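final28.tsv follows; it contains TSV, C-alpha atoms.
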```tsv
chain	number	residue	atom	x	y	z
A	236	MET	CA	-63.53	-4.14	7.16
A	237	ARG	CA	-63.51	-4.71	3.50
A	238	VAL	CA	-61.38	-7.50	2.26
A	239	ARG	CA	-59.40	-6.38	-0.73
A	240	GLN	CA	-59.21	-8.51	-3.79
A	241	HIS	CA	-55.71	-9.85	-4.20
A	242	ALA	CA	-53.67	-9.62	-7.30
A	243	ALA	CA	-56.25	-8.26	-9.67
A	244	ASP	CA	-56.29	-4.57	-8.77
A	245	GLU	CA	-53.12	-3.77	-6.79
A	246	THR	CA	-50.30	-5.06	-9.07
A	247	LYS	CA	-49.09	-1.69	-10.20
A	248	VAL	CA	-45.99	-0.65	-8.18
A	249	GLU	CA	-44.91	2.89	-8.67
A	250	LEU	CA	-41.25	3.75	-8.65
A	251	GLN	CA	-40.53	6.58	-6.26
A	252	MET	CA	-38.06	8.79	-8.13
A	253	THR	CA	-37.31	11.26	-5.40
A	254	PRO	CA	-35.37	8.95	-3.06
A	255	MET	CA	-33.44	7.57	-6.04
A	256	ILE	CA	-32.37	11.06	-7.05
A	257	ASP	CA	-31.39	11.76	-3.47
A	258	VAL	CA	-29.14	8.71	-3.40
A	259	VAL	CA	-27.61	9.73	-6.70
A	260	PHE	CA	-26.84	13.18	-5.33
A	261	GLN	CA	-25.32	11.64	-2.20
A	262	LEU	CA	-22.99	9.55	-4.31
A	263	LEU	CA	-22.10	12.52	-6.43
A	264	ILE	CA	-21.28	14.68	-3.43
A	265	PHE	CA	-19.19	11.89	-1.92
A	266	PHE	CA	-17.13	11.59	-5.08
A	267	LEU	CA	-16.83	15.35	-5.38
A	268	PHE	CA	-15.37	15.66	-1.91
A	269	THR	CA	-12.99	12.76	-2.26
A	270	PHE	CA	-11.71	13.76	-5.68
A	271	LYS	CA	-8.13	14.94	-5.52
A	272	ILE	CA	-6.17	16.32	-8.41
A	273	ARG	CA	-2.60	15.29	-7.92
A	274	PRO	CA	0.24	16.13	-10.26
A	275	ILE	CA	1.78	13.18	-12.01
A	276	GLU	CA	5.04	12.22	-10.42
A	277	GLY	CA	8.11	11.35	-12.38
A	278	GLU	CA	11.10	9.67	-10.87
A	279	ILE	CA	14.84	9.61	-11.10
A	280	ALA	CA	16.00	6.15	-10.16
A	281	VAL	CA	19.21	6.09	-8.22
A	282	SER	CA	21.04	3.10	-6.90
A	283	LEU	CA	23.35	3.63	-3.94
A	284	PRO	CA	25.17	0.81	-2.23
A	285	PRO	CA	24.45	0.27	1.47
A	286	VAL	CA	27.14	1.31	3.93
A	287	GLU	CA	28.02	0.30	7.45
A	288	ALA	CA	26.98	2.72	10.16
A	289	GLY	CA	29.86	4.87	11.32
A	290	ALA	CA	32.06	4.01	8.37
A	291	ALA	CA	34.15	6.80	7.00
A	292	ARG	CA	33.38	8.02	3.55
A	293	GLN	CA	33.65	5.03	1.29
A	294	GLU	CA	36.69	5.01	-0.87
A	295	GLU	CA	36.05	3.07	-4.02
A	296	GLU	CA	38.79	0.54	-4.54
A	297	ILE	CA	38.34	0.62	-8.26
A	298	THR	CA	36.94	3.72	-9.84
A	299	PRO	CA	35.08	2.46	-12.87
A	300	ALA	CA	36.59	3.70	-16.07
A	301	GLU	CA	33.23	4.94	-17.19
A	302	ARG	CA	32.57	7.33	-14.36
A	303	VAL	CA	32.52	11.08	-14.74
A	304	HIS	CA	32.65	13.30	-11.69
A	305	VAL	CA	30.46	16.38	-11.69
A	306	ARG	CA	30.63	18.93	-8.94
A	307	LEU	CA	27.81	21.37	-8.31
A	308	GLU	CA	28.73	24.51	-6.45
A	309	ALA	CA	26.13	26.50	-4.60
A	310	GLY	CA	25.92	30.26	-4.57
A	311	VAL	CA	23.85	32.70	-2.58
A	312	GLY	CA	20.57	31.29	-1.31
A	313	GLY	CA	21.36	27.79	-2.50
A	314	GLN	CA	21.22	28.63	-6.18
A	315	LEU	CA	23.47	26.86	-8.64
A	316	ALA	CA	26.62	28.89	-9.11
A	317	ASN	CA	28.95	26.65	-11.02
A	318	ILE	CA	29.20	23.19	-12.53
A	319	VAL	CA	32.60	21.53	-12.69
A	320	VAL	CA	32.92	18.46	-14.89
A	321	GLU	CA	36.16	16.63	-14.15
A	322	ASP	CA	38.01	19.87	-13.38
A	323	GLN	CA	36.44	21.80	-16.20
A	324	ALA	CA	34.21	24.60	-14.98
A	325	ILE	CA	31.26	25.41	-17.24
A	326	GLY	CA	29.23	27.90	-15.27
A	327	THR	CA	25.52	27.14	-15.14
A	328	ASP	CA	24.91	26.23	-18.75
A	329	LEU	CA	22.97	22.98	-18.75
A	330	ASP	CA	23.23	22.51	-22.51
A	331	ALA	CA	27.01	22.64	-22.25
A	332	LEU	CA	26.78	20.04	-19.47
A	333	ARG	CA	24.75	17.74	-21.65
A	334	GLN	CA	27.14	18.06	-24.58
A	335	LEU	CA	30.18	17.56	-22.38
A	336	LEU	CA	28.70	14.42	-20.86
A	337	THR	CA	27.79	12.91	-24.20
A	338	ALA	CA	31.32	13.63	-25.39
A	339	ALA	CA	33.00	12.41	-22.21
A	340	PHE	CA	32.19	8.79	-22.94
A	341	PRO	CA	34.01	7.42	-25.96
A	342	GLY	CA	31.41	6.24	-28.43
A	343	GLY	CA	28.59	7.74	-26.41
A	344	PRO	CA	27.41	6.74	-22.92
A	345	GLY	CA	26.86	3.01	-22.73
A	346	GLU	CA	24.95	0.94	-20.21
A	347	ASP	CA	27.71	1.21	-17.61
A	348	ALA	CA	28.27	4.91	-17.93
A	349	GLU	CA	28.02	6.53	-14.52
A	350	VAL	CA	28.05	10.08	-13.34
A	351	GLU	CA	28.94	10.88	-9.78
A	352	VAL	CA	27.28	14.06	-8.58
A	353	ASP	CA	28.98	15.94	-5.77
A	354	ALA	CA	26.67	18.76	-4.73
A	355	ASP	CA	27.35	21.43	-2.14
A	356	ASP	CA	25.48	21.21	1.13
A	357	GLN	CA	23.55	24.42	0.67
A	358	LEU	CA	22.51	23.73	-2.90
A	359	LEU	CA	18.75	23.48	-3.19
A	360	TYR	CA	17.42	20.04	-4.07
A	361	GLY	CA	15.43	21.39	-7.02
A	362	HIS	CA	18.69	22.30	-8.81
A	363	VAL	CA	20.18	18.89	-8.13
A	364	ILE	CA	17.13	17.26	-9.71
A	365	ARG	CA	17.36	19.55	-12.71
A	366	VAL	CA	20.97	18.59	-13.25
A	367	ALA	CA	20.10	14.92	-12.76
A	368	GLY	CA	17.45	15.28	-15.45
A	369	VAL	CA	20.01	16.74	-17.85
A	370	ILE	CA	22.39	13.89	-17.04
A	371	LEU	CA	19.68	11.36	-17.91
A	372	GLN	CA	18.99	13.28	-21.09
A	373	SER	CA	22.61	12.98	-22.17
A	374	GLY	CA	22.22	9.22	-22.22
A	375	VAL	CA	23.82	8.28	-18.93
A	376	LYS	CA	21.61	5.88	-17.02
A	377	LYS	CA	23.40	5.60	-13.69
A	378	ILE	CA	23.72	8.45	-11.25
A	379	LEU	CA	25.34	8.34	-7.84
A	380	PHE	CA	25.57	10.98	-5.17
A	381	THR	CA	28.80	11.52	-3.33
A	382	ASP	CA	28.61	11.04	0.37
A	383	ARG	CA	30.19	13.71	2.53
A	384	PRO	CA	30.89	13.23	6.22
A	385	THR	CA	28.71	16.12	7.40
A	386	ARG	CA	26.98	14.41	10.28
A	387	ARG	CA	25.86	16.96	12.82
B	39	MET	CA	-31.00	15.78	-15.59
B	40	ILE	CA	-30.64	12.42	-13.93
B	41	ASP	CA	-28.67	11.16	-16.89
B	42	MET	CA	-26.28	14.07	-16.39
B	43	ALA	CA	-25.92	13.09	-12.76
B	44	PHE	CA	-25.20	9.51	-13.78
B	45	GLN	CA	-22.57	10.75	-16.23
B	46	LEU	CA	-20.86	12.69	-13.48
B	47	ILE	CA	-20.91	9.73	-11.14
B	48	SER	CA	-19.44	7.44	-13.77
B	49	PHE	CA	-16.69	9.97	-14.45
B	50	PHE	CA	-15.73	10.15	-10.78
B	51	MET	CA	-15.90	6.41	-10.37
B	52	PHE	CA	-13.44	5.86	-13.18
B	53	VAL	CA	-11.12	8.57	-11.99
B	54	MET	CA	-11.08	7.59	-8.32
B	55	ASN	CA	-7.81	6.39	-6.99
B	56	PHE	CA	-8.18	4.56	-3.74
B	57	SER	CA	-4.49	3.80	-3.27
B	58	THR	CA	-3.01	5.48	-0.23
B	59	GLU	CA	0.34	6.56	-1.54
B	60	LEU	CA	1.45	8.43	1.58
B	61	VAL	CA	1.74	11.64	-0.35
B	62	GLN	CA	2.34	14.63	1.85
B	63	GLU	CA	0.78	17.62	0.20
B	64	GLU	CA	2.95	20.30	1.81
B	65	VAL	CA	6.03	18.95	0.10
B	66	GLU	CA	6.51	20.72	-3.20
B	67	LEU	CA	8.38	18.41	-5.48
B	68	PRO	CA	11.01	19.82	-7.82
B	69	VAL	CA	9.96	20.18	-11.44
B	70	SER	CA	11.73	18.07	-13.99
B	71	GLN	CA	10.25	17.20	-17.32
B	72	LEU	CA	13.16	14.86	-17.88
B	73	ALA	CA	12.25	12.58	-15.00
B	74	SER	CA	11.12	9.12	-16.05
B	75	PRO	CA	7.44	8.36	-15.64
B	76	VAL	CA	6.53	5.99	-12.85
B	77	LEU	CA	4.97	3.15	-14.78
B	78	THR	CA	4.66	0.38	-12.24
B	79	SER	CA	4.18	0.63	-8.52
B	80	LYS	CA	7.20	-0.51	-6.58
B	81	GLU	CA	6.97	-3.87	-4.91
B	82	GLU	CA	8.15	-2.89	-1.44
B	83	PRO	CA	7.94	0.87	-1.25
B	84	ILE	CA	9.06	2.96	1.69
B	85	VAL	CA	7.87	6.51	1.26
B	86	LEU	CA	9.79	9.35	2.88
B	87	ASN	CA	8.47	12.89	2.57
B	88	LEU	CA	11.04	15.55	3.37
B	89	ASP	CA	10.29	19.26	3.48
B	90	ALA	CA	12.61	22.21	3.25
B	91	ASP	CA	13.11	22.49	7.04
B	92	GLY	CA	14.22	18.91	7.44
B	93	THR	CA	10.92	17.52	8.67
B	94	VAL	CA	10.41	13.93	7.59
B	95	PHE	CA	6.77	12.86	7.44
B	96	LEU	CA	6.45	9.20	8.25
B	97	PRO	CA	3.25	7.22	8.63
B	98	GLY	CA	2.22	8.02	12.17
B	99	GLN	CA	5.00	10.40	13.14
B	100	THR	CA	6.85	13.55	12.16
B	101	ILE	CA	10.58	13.76	12.67
B	102	ASN	CA	13.03	16.58	12.20
B	103	ILE	CA	16.31	15.21	10.95
B	104	ALA	CA	18.17	18.45	11.49
B	105	ASP	CA	18.58	17.51	15.13
B	106	PRO	CA	20.33	14.36	16.36
B	107	ASN	CA	17.32	13.00	18.29
B	108	GLY	CA	15.20	13.15	15.19
B	109	LEU	CA	17.92	11.46	13.20
B	110	ALA	CA	18.09	8.67	15.77
B	111	ARG	CA	14.32	8.13	15.49
B	112	LEU	CA	14.57	8.05	11.71
B	113	ASN	CA	17.36	5.49	11.97
B	114	SER	CA	15.30	3.26	14.23
B	115	TYR	CA	12.33	3.49	11.87
B	116	LEU	CA	14.51	2.58	8.89
B	117	HIS	CA	16.15	-0.29	10.72
B	118	GLN	CA	12.70	-1.63	11.63
B	119	GLU	CA	11.62	-1.47	8.01
B	120	ALA	CA	14.82	-3.17	6.91
B	121	ALA	CA	14.29	-5.92	9.50
B	122	LEU	CA	10.77	-6.46	8.15
B	123	ALA	CA	12.13	-6.63	4.63
B	124	ARG	CA	14.65	-9.22	5.73
B	125	LEU	CA	11.90	-11.28	7.35
B	126	ARG	CA	10.03	-11.19	4.08
B	127	LEU	CA	13.15	-12.38	2.29
B	128	LYS	CA	13.51	-15.18	4.81
B	129	ALA	CA	9.87	-16.15	4.28
B	130	ARG	CA	10.65	-16.48	0.59
B	131	GLY	CA	13.57	-18.70	1.41
B	132	LEU	CA	16.29	-16.28	0.32
B	133	PRO	CA	19.60	-15.92	2.19
B	134	PRO	CA	19.75	-12.99	4.65
B	135	ASP	CA	22.51	-11.14	2.84
B	136	THR	CA	20.54	-10.72	-0.38
B	137	PRO	CA	20.21	-7.06	-1.31
B	138	LEU	CA	16.84	-5.77	-0.13
B	139	PRO	CA	14.32	-5.42	-2.95
B	140	SER	CA	12.68	-2.47	-1.22
B	141	THR	CA	12.61	0.87	-2.97
B	142	VAL	CA	12.89	4.02	-0.93
B	143	ILE	CA	10.71	6.69	-2.49
B	144	VAL	CA	12.17	10.07	-1.62
B	145	ARG	CA	9.75	12.95	-1.99
B	146	ALA	CA	11.80	15.96	-1.02
B	147	ASP	CA	10.79	19.58	-1.35
B	148	ARG	CA	12.50	21.55	-4.09
B	149	ALA	CA	13.90	24.04	-1.58
B	150	THR	CA	15.54	21.45	0.68
B	151	PRO	CA	19.26	22.05	1.18
B	152	PHE	CA	21.03	19.08	-0.32
B	153	GLU	CA	22.77	18.37	2.97
B	154	LEU	CA	19.48	17.17	4.47
B	155	VAL	CA	18.82	14.93	1.50
B	156	ARG	CA	22.33	13.56	1.87
B	157	ILE	CA	21.71	12.84	5.55
B	158	LEU	CA	18.48	11.08	4.67
B	159	LEU	CA	20.12	8.99	1.95
B	160	ARG	CA	22.96	8.10	4.26
B	161	ALA	CA	20.52	6.94	6.95
B	162	CYS	CA	18.75	4.75	4.38
B	163	ARG	CA	22.02	3.31	3.14
B	164	GLU	CA	23.06	2.48	6.70
B	165	ALA	CA	19.81	0.59	7.12
B	166	GLY	CA	20.65	-1.47	4.06
B	167	PHE	CA	18.52	0.02	1.30
B	168	SER	CA	20.05	0.36	-2.13
B	169	ASN	CA	17.22	1.29	-4.49
B	170	TYR	CA	15.97	4.84	-4.49
B	171	SER	CA	13.36	6.67	-6.45
B	172	LEU	CA	13.71	10.46	-6.29
B	173	ARG	CA	10.36	11.92	-7.18
B	174	ALA	CA	9.75	15.04	-9.21
B	175	GLN	CA	6.76	16.70	-10.84
B	176	THR	CA	6.72	16.44	-14.58
B	177	GLN	CA	4.40	19.41	-15.03
B	178	PRO	CA	5.10	22.73	-13.30
B	179	GLN	CA	1.83	22.78	-11.45
B	180	ASN	CA	1.14	24.73	-8.32
B	181	GLN	CA	-0.05	22.39	-5.64
B	182	GLN	CA	-2.83	23.55	-3.37
B	183	GLY	CA	-1.79	23.84	0.26
B	184	GLY	CA	-2.81	20.65	2.04
```
Would you mind writing the structure in this file as structure tokens?
Amino acid sequence: MRVRQHAADETKVELQMTPMIDVVFQLLIFFLFTFKIRPIEGEIAVSLPPVEAGAARQEEEITPAERVHVRLEAGVGGQLANIVVEDQAIGTDLDALRQLLTAAFPGGPGEDAEVEVDADDQLLYGHVIRVAGVILQSGVKKILFTDRPTRR
Amino acid sequence: MIDMAFQLISFFMFVMNFSTELVQEEVELPVSQLASPVLTSKEEPIVLNLDADGTVFLPGQTINIADPNGLARLNSYLHQEAALARLRLKARGLPPDTPLPSTVIVRADRATPFELVRILLRACREAGFSNYSLRAQTQPQNQQGG
């Protein structure tokens, strides 16, 4: 058995590239599989007061002066058929809705301006959100949804 | 070649989002470019995913709120969450009738009849929640089926 000389000859350590590349590919494949492209979500913030269970539809004691009532009527298949702003029907024109809302508040919608949205049961949610977006665009910051006693 | 691989890895590492946001992929959110961007994550979020048939996807269970049994289960889940929120308030030393700081994140499908959304909101209000965040997609993007 030959005794090797220490230190002098065997100091060179070679880096094995192949396992390193394998680990790199493993990492890459892991990230590839766990990568998920999700659409960015926007939000419409709504504040609704809590109610007692079983209470009838809440009647507001004082209707704030700065509240406009908008009714959304559903047509066939849940599509938007008509918009009624405080008894004025404007069809489905969202631009007209925006202009009417801006004009409905004297001096423009302020911080306390509220719109109460009363949508039909069959109306598709997508249309309600579209209308809510237009309401926000007209400068009104607070939106409420009317509660209807349609418990099954 | 290895540098390319390192580039790719760095890209994925920066883009990775490990937060579990309880996003249900089958729910197609309505499109609204006018929805406000979600800038900060909510402090006490409760995520409710609702699809067009009235199925609510909760962590660990699936409930159909179109039938009364499902609605009862949803109510019990919401009351549990509200009780937890109240315990947290108590731990912070706040009185029990303080409005709950929790935000209910409603991710409803664009084809959901509004009646179901109304039922959901009513159930949340009965549990004591007052802050809601109705989610929408800002870009009209087709989501892949989950």
Residue among B:Arg111, B:Arg148, B:Arg126, B:Arg160 lying closest to chain A, counting only C-alpha atoms: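 Ranking B:Arg111, B:Arg148, B:Arg126, B:Arg160 by distance to chain A, first place goes to B:Arg148.
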Exercise: Gln357 in chain A partners within 7 Å, all atoms listed in the file, chain neighbours under 6 positions left out, as a ChimeraX atom specification: /A:309,313 /B:151-153
Selected residue of minimal separation from chain A among B:Ala120, B:Pro68, B:Arg145, B:Leu127, counting only C-alpha atoms: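 The closest residue to chain A is B:Pro68.
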Ref. answer, residues at most 12 Å from (24.2, 24.8, 4.0) with all atoms listed in the file, as a PyMOL selection string: (chain A and resi 308-314+354-360+385+387) or (chain B and resi 90-91+104+149-156)
Could the residues of chain A that have an atom at most 8 Å from chain B be listed as CSV, each with its closest atom pair and the distance in Å to one decimal, counting all atoms listed in the file and ordered by chain and ascending residue number?
```
residue,atom,partner,partner_atom,distance
A:Ile256,CA,B:Ile40,CA,7.2
A:Val259,CA,B:Ala43,CA,7.1
A:Phe260,CA,B:Ala43,CA,7.5
A:Leu262,CA,B:Ile47,CA,7.1
A:Leu263,CA,B:Ile47,CA,5.6
A:Phe266,CA,B:Phe50,CA,6.0
A:Leu267,CA,B:Phe50,CA,7.6
A:Phe270,CA,B:Met54,CA,6.7
A:Arg273,CA,B:Gln181,CA,7.9
A:Pro274,CA,B:Gln175,CA,6.6
A:Ile275,CA,B:Gln175,CA,6.2
A:Glu276,CA,B:Gln175,CA,4.8
A:Gly277,CA,B:Pro75,CA,4.5
A:Glu278,CA,B:Arg173,CA,4.4
A:Ile279,CA,B:Leu172,CA,5.0
A:Ala280,CA,B:Ser171,CA,4.6
A:Val281,CA,B:Tyr170,CA,5.1
A:Ser282,CA,B:Asn169,CA,4.9
A:Leu283,CA,B:Ser168,CA,5.0
A:Pro284,CA,B:Ser168,CA,5.1
A:Pro285,CA,B:Arg163,CA,4.2
A:Val286,CA,B:Glu164,CA,5.1
A:Glu287,CA,B:Glu164,CA,5.5
A:Ala288,CA,B:Glu164,CA,5.2
A:Gly313,CA,B:Pro151,CA,7.1
A:Ala354,CA,B:Phe152,CA,7.2
A:Asp355,CA,B:Phe152,CA,7.0
A:Asp356,CA,B:Glu153,CA,4.3
A:Gln357,CA,B:Pro151,CA,4.9
A:Leu358,CA,B:Pro151,CA,5.5
A:Leu359,CA,B:Pro151,CA,4.6
A:Tyr360,CA,B:Arg148,CA,5.1
A:Gly361,CA,B:Arg148,CA,4.1
A:His362,CA,B:Arg148,CA,7.8
A:Val363,CA,B:Phe152,CA,7.9
A:Ile364,CA,B:Pro68,CA,6.9
A:Arg365,CA,B:Ser70,CA,6.0
A:Gly368,CA,B:Leu72,CA,4.9
A:Val369,CA,B:Leu72,CA,7.1
A:Leu371,CA,B:Leu72,CA,7.4
A:Gln372,CA,B:Leu72,CA,6.8
A:Asp382,CA,B:Arg156,CA,6.9
A:Arg383,CA,B:Arg156,CA,7.9
A:Thr385,CA,B:Glu153,CA,7.7
A:Arg386,CA,B:Ile157,CA,7.3
A:Arg387,CA,B:Pro106,CA,7.1
```
Requested write-out: C-alpha atoms of the selected residues, as an mmCIF file, in the coordinates of the input:
```cif
data_model
loop_
_atom_site.group_PDB
_atom_site.id
_atom_site.type_symbol
_atom_site.label_atom_id
_atom_site.label_comp_id
_atom_site.auth_asym_id
_atom_site.auth_seq_id
_atom_site.Cartn_x
_atom_site.Cartn_y
_atom_site.Cartn_z
ATOM 1 C CA ILE A 256 -32.370 11.060 -7.050
ATOM 2 C CA VAL A 259 -27.610 9.730 -6.700
ATOM 3 C CA PHE A 260 -26.840 13.180 -5.330
ATOM 4 C CA LEU A 262 -22.990 9.550 -4.310
ATOM 5 C CA LEU A 263 -22.100 12.520 -6.430
ATOM 6 C CA PHE A 266 -17.130 11.590 -5.080
ATOM 7 C CA LEU A 267 -16.830 15.350 -5.380
ATOM 8 C CA PHE A 270 -11.710 13.760 -5.680
ATOM 9 C CA ARG A 273 -2.600 15.290 -7.920
ATOM 10 C CA PRO A 274 0.240 16.130 -10.260
ATOM 11 C CA ILE A 275 1.780 13.180 -12.010
ATOM 12 C CA GLU A 276 5.040 12.220 -10.420
ATOM 13 C CA GLY A 277 8.110 11.350 -12.380
ATOM 14 C CA GLU A 278 11.100 9.670 -10.870
ATOM 15 C CA ILE A 279 14.840 9.610 -11.100
ATOM 16 C CA ALA A 280 16.000 6.150 -10.160
ATOM 17 C CA VAL A 281 19.210 6.090 -8.220
ATOM 18 C CA SER A 282 21.040 3.100 -6.900
ATOM 19 C CA LEU A 283 23.350 3.630 -3.940
ATOM 20 C CA PRO A 284 25.170 0.810 -2.230
ATOM 21 C CA PRO A 285 24.450 0.270 1.470
ATOM 22 C CA VAL A 286 27.140 1.310 3.930
ATOM 23 C CA GLU A 287 28.020 0.300 7.450
ATOM 24 C CA ALA A 288 26.980 2.720 10.160
ATOM 25 C CA GLY A 313 21.360 27.790 -2.500
ATOM 26 C CA ALA A 354 26.670 18.760 -4.730
ATOM 27 C CA ASP A 355 27.350 21.430 -2.140
ATOM 28 C CA ASP A 356 25.480 21.210 1.130
ATOM 29 C CA GLN A 357 23.550 24.420 0.670
ATOM 30 C CA LEU A 358 22.510 23.730 -2.900
ATOM 31 C CA LEU A 359 18.750 23.480 -3.190
ATOM 32 C CA TYR A 360 17.420 20.040 -4.070
ATOM 33 C CA GLY A 361 15.430 21.390 -7.020
ATOM 34 C CA HIS A 362 18.690 22.300 -8.810
ATOM 35 C CA VAL A 363 20.180 18.890 -8.130
ATOM 36 C CA ILE A 364 17.130 17.260 -9.710
ATOM 37 C CA ARG A 365 17.360 19.550 -12.710
ATOM 38 C CA GLY A 368 17.450 15.280 -15.450
ATOM 39 C CA VAL A 369 20.010 16.740 -17.850
ATOM 40 C CA LEU A 371 19.680 11.360 -17.910
ATOM 41 C CA GLN A 372 18.990 13.280 -21.090
ATOM 42 C CA ASP A 382 28.610 11.040 0.370
ATOM 43 C CA ARG A 383 30.190 13.710 2.530
ATOM 44 C CA THR A 385 28.710 16.120 7.400
ATOM 45 C CA ARG A 386 26.980 14.410 10.280
ATOM 46 C CA ARG A 387 25.860 16.960 12.820
#
```
Expected axis-aligned box over every listed atom of range 123-139 of chain B, 8 Å added per side, centre plus edges in Å to one decimal, as lines of an AutoDock Vina configuration file:
```
center_x = 16.2
center_y = -12.1
center_z = 2.2
size_x = 28.6
size_y = 29.3
size_z = 26.3
```
Separation of CA of Ala367 in chain A from CA of Val85 in chain B, in Å and rounded to one decimal: 20.4 Å
Computed interatomic separation between CA of Ile325 in chain A and CA of Arg302 in chain A (Å):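 Taking CA of Ile325 in chain A and CA of Arg302 in chain A, their separation equals 18.4 Å.
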Residues within 10 Å of Glu301 in chain A, only C-alpha atoms, excluding chain neighbours under 3 positions, as a PyMOL selection string: chain A and resi 298+339-341+344-350
Counting only C-alpha atoms, the residue of A:Ile370, A:Val352, A:Leu307, A:Ile378 that sits nearest Leu335 in chain A: A:Ile370
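Note that CA of Val320 in chain A and CA of Thr381 in chain A are 14.1 Å apart.
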With N, CA and C atoms as the goal, would you fill in the gaps in range 326-340 of chain A and present it as a PDB file, keeping the file's coordinate frame?
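Written output follows (rebuild29.pdb):
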```
ATOM      1  N   GLY A 326      30.276  26.955 -15.670  1.00  0.00           N
ATOM      2  CA  GLY A 326      29.230  27.900 -15.270  1.00  0.00           C
ATOM      3  C   GLY A 326      27.925  27.188 -15.014  1.00  0.00           C
ATOM      4  N   THR A 327      26.816  27.772 -15.431  1.00  0.00           N
ATOM      5  CA  THR A 327      25.520  27.140 -15.140  1.00  0.00           C
ATOM      6  C   THR A 327      24.805  26.737 -16.418  1.00  0.00           C
ATOM      7  N   ASP A 328      25.547  26.567 -17.485  1.00  0.00           N
ATOM      8  CA  ASP A 328      24.910  26.230 -18.750  1.00  0.00           C
ATOM      9  C   ASP A 328      24.621  24.739 -18.813  1.00  0.00           C
ATOM     10  N   LEU A 329      23.332  24.398 -18.765  1.00  0.00           N
ATOM     11  CA  LEU A 329      22.970  22.980 -18.750  1.00  0.00           C
ATOM     12  C   LEU A 329      23.156  22.332 -20.115  1.00  0.00           C
ATOM     13  N   ASP A 330      23.003  23.091 -21.181  1.00  0.00           N
ATOM     14  CA  ASP A 330      23.230  22.510 -22.510  1.00  0.00           C
ATOM     15  C   ASP A 330      24.680  22.101 -22.665  1.00  0.00           C
ATOM     16  N   ALA A 331      25.585  22.977 -22.165  1.00  0.00           N
ATOM     17  CA  ALA A 331      27.010  22.640 -22.250  1.00  0.00           C
ATOM     18  C   ALA A 331      27.285  21.388 -21.448  1.00  0.00           C
ATOM     19  N   LEU A 332      26.596  21.246 -20.297  1.00  0.00           N
ATOM     20  CA  LEU A 332      26.780  20.040 -19.470  1.00  0.00           C
ATOM     21  C   LEU A 332      26.372  18.814 -20.256  1.00  0.00           C
ATOM     22  N   ARG A 333      25.243  18.901 -20.914  1.00  0.00           N
ATOM     23  CA  ARG A 333      24.750  17.740 -21.650  1.00  0.00           C
ATOM     24  C   ARG A 333      25.723  17.347 -22.757  1.00  0.00           C
ATOM     25  N   GLN A 334      26.215  18.377 -23.477  1.00  0.00           N
ATOM     26  CA  GLN A 334      27.140  18.060 -24.580  1.00  0.00           C
ATOM     27  C   GLN A 334      28.437  17.469 -24.055  1.00  0.00           C
ATOM     28  N   LEU A 335      28.934  18.055 -22.954  1.00  0.00           N
ATOM     29  CA  LEU A 335      30.180  17.560 -22.380  1.00  0.00           C
ATOM     30  C   LEU A 335      30.035  16.111 -21.945  1.00  0.00           C
ATOM     31  N   LEU A 336      28.891  15.778 -21.351  1.00  0.00           N
ATOM     32  CA  LEU A 336      28.700  14.420 -20.860  1.00  0.00           C
ATOM     33  C   LEU A 336      28.617  13.435 -22.011  1.00  0.00           C
ATOM     34  N   THR A 337      27.898  13.824 -23.067  1.00  0.00           N
ATOM     35  CA  THR A 337      27.790  12.910 -24.200  1.00  0.00           C
ATOM     36  C   THR A 337      29.172  12.688 -24.794  1.00  0.00           C
ATOM     37  N   ALA A 338      29.994  13.754 -24.799  1.00  0.00           N
ATOM     38  CA  ALA A 338      31.320  13.630 -25.390  1.00  0.00           C
ATOM     39  C   ALA A 338      32.309  12.937 -24.463  1.00  0.00           C
ATOM     40  N   ALA A 339      32.031  12.949 -23.162  1.00  0.00           N
ATOM     41  CA  ALA A 339      33.000  12.410 -22.210  1.00  0.00           C
ATOM     42  C   ALA A 339      33.140  10.898 -22.311  1.00  0.00           C
ATOM     43  N   PHE A 340      32.108  10.239 -22.838  1.00  0.00           N
ATOM     44  CA  PHE A 340      32.190   8.790 -22.940  1.00  0.00           C
ATOM     45  C   PHE A 340      32.529   8.441 -24.374  1.00  0.00           C
TER      46      PHE A 340
END
```
